>>> print(open('final11.txt').read())   # compact mmCIF, C-alpha atoms
# COMPACT_ATOMS: atom_id res chain seq x y z
CA MET A 29 6.84 -80.40 30.51
CA PRO A 30 10.55 -81.40 30.27
CA PRO A 31 11.33 -83.23 27.03
CA ARG A 32 11.99 -86.96 27.59
CA ALA A 33 15.31 -88.39 26.46
CA ARG A 34 14.69 -90.35 23.28
CA PRO A 35 16.96 -92.54 21.17
CA LEU A 36 18.63 -90.45 18.49
CA SER A 37 19.74 -91.28 14.97
CA PRO A 38 23.45 -90.76 14.16
CA HIS A 39 24.21 -87.05 13.96
CA ILE A 40 26.26 -85.18 11.37
CA GLN A 41 29.70 -85.62 13.00
CA ILE A 42 29.59 -89.36 12.25
CA TYR A 43 29.66 -88.90 8.47
CA ARG A 44 32.55 -88.35 6.06
CA TRP A 45 32.68 -84.87 4.48
CA GLN A 46 30.75 -84.55 1.23
CA ILE A 47 29.95 -81.62 -1.01
CA GLY A 48 26.17 -82.19 -0.99
CA SER A 49 25.57 -81.61 2.72
CA THR A 50 27.99 -78.66 2.78
CA LEU A 51 26.21 -76.90 -0.08
CA SER A 52 22.86 -77.68 1.52
CA ILE A 53 23.71 -75.96 4.80
CA LEU A 54 25.40 -73.14 2.87
CA HIS A 55 22.08 -72.58 1.06
CA ARG A 56 20.39 -72.09 4.42
CA ILE A 57 23.19 -69.92 5.82
CA THR A 58 23.20 -67.64 2.76
CA GLY A 59 19.39 -67.47 2.93
CA ALA A 60 19.56 -66.34 6.56
CA ALA A 61 22.24 -63.77 5.68
CA LEU A 62 20.07 -62.47 2.85
CA ALA A 63 17.15 -62.13 5.27
CA LEU A 64 19.32 -59.68 7.23
CA GLY A 65 20.15 -58.01 3.92
CA LEU A 66 16.44 -57.32 3.46
CA LEU A 67 16.56 -55.11 6.55
CA ALA A 68 19.41 -53.16 4.94
CA LEU A 69 17.42 -52.90 1.70
CA SER A 70 14.39 -51.58 3.61
CA TYR A 71 16.57 -49.03 5.39
CA TRP A 72 18.10 -47.91 2.08
CA LEU A 73 14.67 -47.48 0.44
CA ILE A 74 13.28 -45.62 3.46
CA ALA A 75 16.33 -43.34 3.40
CA LEU A 76 15.80 -42.71 -0.32
CA ALA A 77 12.16 -41.77 0.31
CA GLY A 78 13.25 -39.61 3.26
CA GLY A 79 15.32 -37.20 1.16
CA ALA A 80 18.88 -36.30 0.23
CA ALA A 81 20.31 -36.11 3.76
CA PRO A 82 19.03 -39.48 5.07
CA TYR A 83 20.06 -41.07 1.76
CA ALA A 84 23.58 -39.64 2.02
CA ALA A 85 23.83 -41.00 5.57
CA ALA A 86 22.74 -44.46 4.39
CA MET A 87 25.24 -44.41 1.52
CA ARG A 88 28.05 -43.32 3.89
CA MET A 89 27.23 -46.30 6.10
CA LEU A 90 27.23 -48.69 3.14
CA ALA A 91 30.50 -47.25 1.82
CA SER A 92 32.27 -47.63 5.18
CA PRO A 93 34.71 -50.57 5.54
CA ALA A 94 32.12 -52.59 7.52
CA GLY A 95 29.47 -51.70 4.94
CA ILE A 96 31.66 -52.81 2.04
CA ILE A 97 32.44 -56.11 3.78
CA ALA A 98 28.72 -56.67 4.42
CA LEU A 99 27.89 -55.84 0.78
CA MET A 100 30.57 -58.25 -0.45
CA GLY A 101 29.16 -60.96 1.81
CA TRP A 102 25.61 -60.25 0.67
CA SER A 103 26.58 -60.25 -2.99
CA PHE A 104 28.23 -63.67 -2.65
CA ALA A 105 25.28 -64.94 -0.57
CA PHE A 106 22.86 -63.70 -3.22
CA LEU A 107 24.77 -65.19 -6.17
CA TYR A 108 25.28 -68.51 -4.39
CA HIS A 109 21.63 -68.69 -3.27
CA LEU A 110 20.51 -67.79 -6.81
CA LEU A 111 22.68 -70.41 -8.56
CA ASN A 112 22.07 -73.14 -5.99
CA GLY A 113 18.36 -72.24 -6.03
CA ILE A 114 18.31 -72.86 -9.79
CA ARG A 115 20.08 -76.20 -9.08
CA HIS A 116 17.29 -77.04 -6.64
CA LEU A 117 14.63 -76.11 -9.20
CA PHE A 118 16.19 -78.56 -11.68
CA TRP A 119 16.05 -81.26 -9.00
CA ASP A 120 12.41 -80.38 -8.34
CA ALA A 121 11.80 -81.03 -12.04
CA GLY A 122 13.51 -84.42 -11.61
CA VAL A 123 16.68 -83.48 -13.53
CA GLY A 124 20.31 -83.96 -12.43
CA PHE A 125 20.02 -86.46 -9.61
CA GLU A 126 22.91 -88.74 -10.69
CA ARG A 127 25.93 -88.69 -8.40
CA THR A 128 28.30 -87.23 -10.99
CA GLN A 129 25.69 -84.64 -12.06
CA ARG A 130 25.12 -83.59 -8.45
CA HIS A 131 28.82 -83.15 -7.81
CA LEU A 132 29.42 -81.33 -11.08
CA SER A 133 26.49 -78.93 -10.62
CA GLY A 134 27.61 -78.36 -7.02
CA TRP A 135 31.10 -77.29 -8.08
CA ILE A 136 29.70 -75.15 -10.90
CA VAL A 137 27.50 -73.36 -8.38
CA VAL A 138 30.32 -72.72 -5.88
CA LEU A 139 32.88 -71.62 -8.45
CA GLY A 140 30.26 -69.68 -10.41
CA ALA A 141 29.19 -67.74 -7.32
CA LEU A 142 32.80 -67.00 -6.33
CA GLY A 143 33.70 -66.01 -9.89
CA ALA A 144 30.64 -63.78 -10.32
CA THR A 145 31.28 -62.09 -6.96
CA ALA A 146 34.89 -61.41 -7.97
CA CYS A 147 33.76 -60.06 -11.38
CA LEU A 148 31.16 -57.81 -9.74
CA TRP A 149 33.62 -56.26 -7.30
CA GLY A 150 36.30 -56.00 -9.96
CA LEU A 151 33.79 -54.09 -12.07
CA LEU A 152 32.80 -51.84 -9.16
CA TRP A 153 36.46 -51.23 -8.29
CA HIS A 154 37.18 -50.37 -11.91
CA GLY A 155 34.14 -48.05 -11.95
CA MET A 156 35.38 -46.20 -8.89
CA HIS A 157 39.04 -46.05 -10.05
CA PRO A 158 38.94 -45.73 -13.86
CA MET B 6 -0.44 -74.68 11.34
CA GLY B 7 1.85 -77.53 10.48
CA SER B 8 3.16 -79.42 7.51
CA ALA B 9 0.20 -81.82 7.45
CA LYS B 10 -2.17 -78.97 6.59
CA GLU B 11 -0.05 -76.40 4.79
CA GLY B 12 3.10 -78.25 3.77
CA VAL B 13 2.38 -78.56 0.06
CA SER B 14 1.27 -74.97 -0.27
CA HIS B 15 4.40 -73.78 1.60
CA TRP B 16 6.67 -75.89 -0.62
CA TRP B 17 4.94 -74.78 -3.81
CA THR B 18 4.80 -71.07 -2.90
CA GLN B 19 8.51 -71.18 -2.07
CA ARG B 20 9.23 -72.49 -5.60
CA VAL B 21 6.90 -70.09 -7.38
CA SER B 22 8.41 -67.11 -5.55
CA ALA B 23 11.92 -68.45 -6.27
CA VAL B 24 11.18 -68.55 -10.01
CA ALA B 25 9.70 -65.04 -9.92
CA LEU B 26 12.74 -63.73 -8.05
CA ILE B 27 15.21 -64.79 -10.75
CA PRO B 28 14.17 -62.07 -13.25
CA LEU B 29 13.14 -59.55 -10.56
CA THR B 30 16.43 -59.59 -8.64
CA LEU B 31 18.51 -59.59 -11.83
CA TRP B 32 16.51 -56.61 -13.13
CA PHE B 33 17.08 -54.72 -9.87
CA PHE B 34 20.84 -55.26 -9.60
CA PHE B 35 21.55 -54.75 -13.31
CA SER B 36 19.46 -51.53 -13.27
CA LEU B 37 21.46 -50.18 -10.33
CA LEU B 38 24.75 -51.17 -12.00
CA ALA B 39 23.64 -49.48 -15.23
CA LEU B 40 23.02 -46.12 -13.52
CA PRO B 41 25.80 -43.57 -14.12
CA ASP B 42 26.17 -43.14 -10.33
CA LEU B 43 24.27 -43.85 -7.12
CA GLU B 44 23.73 -40.20 -6.14
CA PHE B 45 20.39 -39.27 -4.58
CA ASP B 46 18.92 -37.55 -7.66
CA THR B 47 19.99 -40.32 -10.05
CA VAL B 48 18.53 -43.13 -7.95
CA LYS B 49 15.37 -41.24 -7.07
CA THR B 50 14.68 -40.29 -10.71
CA TRP B 51 15.19 -43.91 -11.74
CA LEU B 52 12.92 -45.35 -9.02
CA ALA B 53 10.24 -42.73 -9.75
CA LEU B 54 9.74 -44.15 -13.26
CA PRO B 55 6.46 -46.11 -13.34
CA ILE B 56 8.10 -49.32 -14.57
CA SER B 57 10.81 -49.13 -11.87
CA GLY B 58 8.26 -48.49 -9.14
CA LEU B 59 6.03 -51.34 -10.24
CA LEU B 60 8.86 -53.86 -10.52
CA ALA B 61 10.44 -52.68 -7.25
CA VAL B 62 7.15 -53.17 -5.37
CA LEU B 63 6.78 -56.64 -6.89
CA LEU B 64 10.41 -57.45 -6.08
CA VAL B 65 10.10 -56.38 -2.44
CA ALA B 66 6.78 -58.17 -1.95
CA VAL B 67 7.94 -61.47 -3.47
CA MET B 68 11.40 -61.31 -1.87
CA PHE B 69 10.04 -60.65 1.62
CA TYR B 70 7.51 -63.45 1.20
CA HIS B 71 10.14 -65.90 -0.05
CA SER B 72 12.46 -64.94 2.79
CA TYR B 73 9.66 -65.25 5.34
CA LEU B 74 8.89 -68.80 4.17
CA GLY B 75 12.58 -69.71 4.47
CA THR B 76 13.27 -68.23 7.91
CA MET B 77 10.02 -69.76 9.15
CA VAL B 78 11.44 -73.22 8.37
CA ILE B 79 14.70 -72.33 10.14
CA VAL B 80 12.77 -71.41 13.30
CA GLU B 81 10.63 -74.56 13.03
CA ASP B 82 13.75 -76.71 12.59
CA TYR B 83 15.88 -75.36 15.43
CA VAL B 84 13.44 -74.14 18.09
CA HIS B 85 12.07 -77.15 19.92
CA THR B 86 10.09 -75.60 22.75
CA ASN B 87 6.52 -75.10 21.61
CA GLY B 88 5.79 -71.79 23.34
CA VAL B 89 9.07 -70.22 22.22
CA LYS B 90 8.55 -71.56 18.69
CA LEU B 91 5.10 -69.99 18.49
CA LEU B 92 6.40 -66.66 19.83
CA GLY B 93 9.34 -66.80 17.44
CA LEU B 94 7.10 -67.43 14.43
CA LEU B 95 4.78 -64.65 15.52
CA ALA B 96 7.67 -62.18 16.01
CA LEU B 97 9.10 -63.21 12.62
CA ARG B 98 5.79 -62.58 10.89
CA PHE B 99 5.36 -59.16 12.51
CA LEU B 100 8.93 -58.18 11.63
CA TYR B 101 8.51 -59.21 7.99
CA VAL B 102 5.21 -57.39 7.57
CA LEU B 103 6.65 -54.28 9.23
CA ALA B 104 9.93 -54.17 7.27
CA GLY B 105 8.30 -55.23 3.99
CA GLY B 106 5.44 -52.78 4.45
CA ALA B 107 7.89 -49.96 5.19
CA ALA B 108 9.93 -50.82 2.08
CA VAL B 109 6.84 -50.84 -0.18
CA PHE B 110 5.61 -47.59 1.39
CA ALA B 111 9.02 -46.01 0.72
CA ILE B 112 8.87 -47.01 -2.96
CA LEU B 113 5.35 -45.59 -3.26
CA ARG B 114 6.49 -42.32 -1.65
CA VAL B 115 9.25 -42.02 -4.24
CA ALA B 116 6.80 -42.89 -7.03
CA PHE B 117 4.01 -40.53 -6.02
CA GLY B 118 6.00 -37.85 -4.18
CA SER B 119 5.81 -37.17 -0.46
>>> encode(input="final11.txt", output="structure tokens")
Amino acid sequence: MPPRARPLSPHIQIYRWQIGSTLSILHRITGAALALGLLALSYWLIALAGGAAPYAAAMRMLASPAGIIALMGWSFAFLYHLLNGIRHLFWDAGVGFERTQRHLSGWIVVLGALGATACLWGLLWHGMHP
Amino acid sequence: MGSAKEGVSHWWTQRVSAVALIPLTLWFFFSLLALPDLEFDTVKTWLALPISGLLAVLLVAVMFYHSYLGTMVIVEDYVHTNGVKLLGLLALRFLYVLAGGAAVFAILRVAFGS
């Protein structure tokens, strides 16, 4: 059955940019990216259970340039999803709904996730090149 | 299926799993960072500890469930053809059970030896 054309409400391109909607879709995008990360986590655990050779192969893949880029992306996605998830839990409890609070917590989440990702990779870099 | 029948339970389970994942994920990443290196023997010895195995199984189970609930909503939101939506949700569920089951099985193999 072909879907019938129905009247539509105004879509996203009609609205002025705002931080709230951007962070909302970023929560979903990072969640989807982390879902792919779960496949990598499964593979890593299976390799670990498989023995030294499969584990070494998995670690080589993760330490390759593409692997490092993916891990950086996943670490930011995780930290953002974690911090913004906590922001959502506060909202669920009815806290922080005022406009200024929403904007402030939004910026804290974005900058916090970026800062924590940078700290993490700085730490890892330092660990590898003491 | 559908939000009218299972919406509240979906919403609530998503929150409960989210709260559980805060300590579980932080434990996992800080434990890995605290290891002297990520060589095979080091990681395997760490994961073979009873407390590591238990928490890792809980982490994987809750994380896969939380992720399944989230991706399910993405499919429901963006796939508008009923047959495709049903197939997509079914495929998603199978994939999550398979990958999650394999991950848990791997942890148990490390814990109990293979």
>>> closest_residue(input="final11.txt", among="A:Phe104, A:Trp72, A:Tyr43, A:Trp119", to="Arg20 in chain B", atoms="all atoms listed in the file")
A:Trp119
>>> closest_atom_pairs(input="final11.txt", of="range 42-151 of chain A", to="range 78-93 of chain B", cutoff="10 Å", atoms="all atoms listed in the file", output="CSV")
residue,atom,partner,partner_atom,distance
A:Arg56,CA,B:Ile79,CA,8.1
A:Ile57,CA,B:Ile79,CA,9.8
A:Gly59,CA,B:Ile79,CA,9.9
A:Ala60,CA,B:Ile79,CA,8.5
>>> interface_residues(input="final11.txt", of="chain A", to="chain B", cutoff="10 Å", atoms="only C-alpha atoms", output="short mmCIF file (atom, residue, chain, number, x, y, z; two decimals) with C-alpha atoms, in the frame of the given file")
data_model
loop_
_atom_site.label_atom_id
_atom_site.label_comp_id
_atom_site.auth_asym_id
_atom_site.auth_seq_id
_atom_site.Cartn_x
_atom_site.Cartn_y
_atom_site.Cartn_z
CA MET A 29 6.84 -80.40 30.51
CA PRO A 30 10.55 -81.40 30.27
CA PRO A 31 11.33 -83.23 27.03
CA ARG A 56 20.39 -72.09 4.42
CA ILE A 57 23.19 -69.92 5.82
CA GLY A 59 19.39 -67.47 2.93
CA ALA A 60 19.56 -66.34 6.56
CA LEU A 62 20.07 -62.47 2.85
CA ALA A 63 17.15 -62.13 5.27
CA LEU A 64 19.32 -59.68 7.23
CA LEU A 66 16.44 -57.32 3.46
CA LEU A 67 16.56 -55.11 6.55
CA ALA A 68 19.41 -53.16 4.94
CA LEU A 69 17.42 -52.90 1.70
CA SER A 70 14.39 -51.58 3.61
CA TYR A 71 16.57 -49.03 5.39
CA TRP A 72 18.10 -47.91 2.08
CA LEU A 73 14.67 -47.48 0.44
CA ILE A 74 13.28 -45.62 3.46
CA ALA A 75 16.33 -43.34 3.40
CA LEU A 76 15.80 -42.71 -0.32
CA ALA A 77 12.16 -41.77 0.31
CA GLY A 78 13.25 -39.61 3.26
CA GLY A 79 15.32 -37.20 1.16
CA ALA A 80 18.88 -36.30 0.23
CA ALA A 81 20.31 -36.11 3.76
CA PRO A 82 19.03 -39.48 5.07
CA TYR A 83 20.06 -41.07 1.76
CA ALA A 84 23.58 -39.64 2.02
CA MET A 87 25.24 -44.41 1.52
CA PHE A 106 22.86 -63.70 -3.22
CA LEU A 110 20.51 -67.79 -6.81
CA LEU A 111 22.68 -70.41 -8.56
CA GLY A 113 18.36 -72.24 -6.03
CA ILE A 114 18.31 -72.86 -9.79
CA HIS A 116 17.29 -77.04 -6.64
CA LEU A 117 14.63 -76.11 -9.20
CA ASP A 120 12.41 -80.38 -8.34
CA LEU A 148 31.16 -57.81 -9.74
CA LEU A 151 33.79 -54.09 -12.07
CA LEU A 152 32.80 -51.84 -9.16
CA GLY A 155 34.14 -48.05 -11.95
CA MET A 156 35.38 -46.20 -8.89
#
>>> atom_distance(input="final11.txt", atom1="CA of Ile47 in chain A", atom2="CA of Arg130 in chain A")
9.1 Å
>>> atom_distance(input="final11.txt", atom1="CA of Arg34 in chain A", atom2="CA of Gly48 in chain A")
28.1 Å
>>> atom_distance(input="final11.txt", atom1="CA of Val138 in chain A", atom2="CA of Tyr108 in chain A")
6.7 Å
>>> closest_residue(input="final11.txt", among="A:Trp149, A:Ser103, A:Asn112, A:Thr58", to="Trp135 in chain A", atoms="all atoms listed in the file")
A:Asn112
>>> closest_residue(input="final11.txt", among="B:Tyr70, B:Met77, B:Leu29, B:Ala96", to="Ser57 in chain B", atoms="all atoms listed in the file")
B:Leu29
>>> closest_residue(input="final11.txt", among="B:Val102, B:Leu97, B:Leu59, B:Val67", to="Ser22 in chain B", atoms="only C-alpha atoms")
B:Val67
>>> build_atoms(input="final11.txt", residues="range 78-89 of chain A", atoms="all heavy atoms", output="compact mmCIF listing (two decimals), in the frame of the given file")
# COMPACT_ATOMS: atom_id res chain seq x y z
N GLY A 78 13.15 -40.65 2.24
CA GLY A 78 13.25 -39.61 3.26
C GLY A 78 13.90 -38.33 2.76
O GLY A 78 13.73 -37.28 3.38
N GLY A 79 14.70 -38.40 1.69
CA GLY A 79 15.32 -37.20 1.16
C GLY A 79 16.82 -37.33 1.03
O GLY A 79 17.41 -38.37 1.36
N ALA A 80 17.45 -36.26 0.55
CA ALA A 80 18.88 -36.30 0.23
C ALA A 80 19.75 -36.57 1.44
O ALA A 80 20.71 -37.34 1.36
CB ALA A 80 19.29 -34.98 -0.43
N ALA A 81 19.44 -35.95 2.58
CA ALA A 81 20.31 -36.11 3.76
C ALA A 81 20.26 -37.52 4.34
O ALA A 81 21.31 -38.14 4.56
CB ALA A 81 19.94 -35.07 4.82
N PRO A 82 19.06 -38.09 4.59
CA PRO A 82 19.03 -39.48 5.07
C PRO A 82 19.67 -40.45 4.08
O PRO A 82 20.36 -41.40 4.48
CB PRO A 82 17.53 -39.79 5.21
CG PRO A 82 16.86 -38.48 5.31
CD PRO A 82 17.70 -37.51 4.54
N TYR A 83 19.48 -40.19 2.77
CA TYR A 83 20.06 -41.07 1.76
C TYR A 83 21.59 -41.01 1.80
O TYR A 83 22.26 -42.04 1.74
CB TYR A 83 19.55 -40.69 0.37
CG TYR A 83 20.10 -41.58 -0.73
CD1 TYR A 83 19.59 -42.86 -0.92
CD2 TYR A 83 21.13 -41.14 -1.56
CE1 TYR A 83 20.10 -43.69 -1.92
CE2 TYR A 83 21.63 -41.95 -2.56
CZ TYR A 83 21.12 -43.22 -2.74
OH TYR A 83 21.63 -44.03 -3.72
N ALA A 84 22.12 -39.79 1.94
CA ALA A 84 23.58 -39.64 2.02
C ALA A 84 24.13 -40.37 3.24
O ALA A 84 25.18 -41.02 3.17
CB ALA A 84 23.96 -38.16 2.06
N ALA A 85 23.39 -40.31 4.35
CA ALA A 85 23.83 -41.00 5.57
C ALA A 85 23.85 -42.51 5.34
O ALA A 85 24.79 -43.21 5.75
CB ALA A 85 22.91 -40.65 6.73
N ALA A 86 22.80 -43.02 4.68
CA ALA A 86 22.74 -44.46 4.39
C ALA A 86 23.89 -44.88 3.48
O ALA A 86 24.52 -45.92 3.69
CB ALA A 86 21.40 -44.81 3.77
N MET A 87 24.17 -44.07 2.45
CA MET A 87 25.24 -44.41 1.52
C MET A 87 26.61 -44.35 2.20
O MET A 87 27.48 -45.14 1.89
CB MET A 87 25.20 -43.47 0.30
CG MET A 87 24.04 -43.74 -0.64
SD MET A 87 23.95 -45.44 -1.24
CE MET A 87 25.05 -45.36 -2.66
N ARG A 88 26.79 -43.39 3.14
CA ARG A 88 28.05 -43.32 3.89
C ARG A 88 28.24 -44.60 4.69
O ARG A 88 29.32 -45.17 4.74
CB ARG A 88 28.04 -42.12 4.83
CG ARG A 88 28.74 -40.88 4.26
CD ARG A 88 29.10 -39.89 5.36
NE ARG A 88 27.98 -39.55 6.23
CZ ARG A 88 27.05 -38.65 5.91
NH1 ARG A 88 27.10 -38.01 4.76
NH2 ARG A 88 26.06 -38.38 6.75
N MET A 89 27.15 -45.08 5.30
CA MET A 89 27.23 -46.30 6.10
C MET A 89 27.60 -47.49 5.22
O MET A 89 28.43 -48.31 5.56
CB MET A 89 25.88 -46.53 6.79
CG MET A 89 25.94 -47.48 7.97
SD MET A 89 24.30 -47.83 8.59
CE MET A 89 24.06 -46.46 9.67
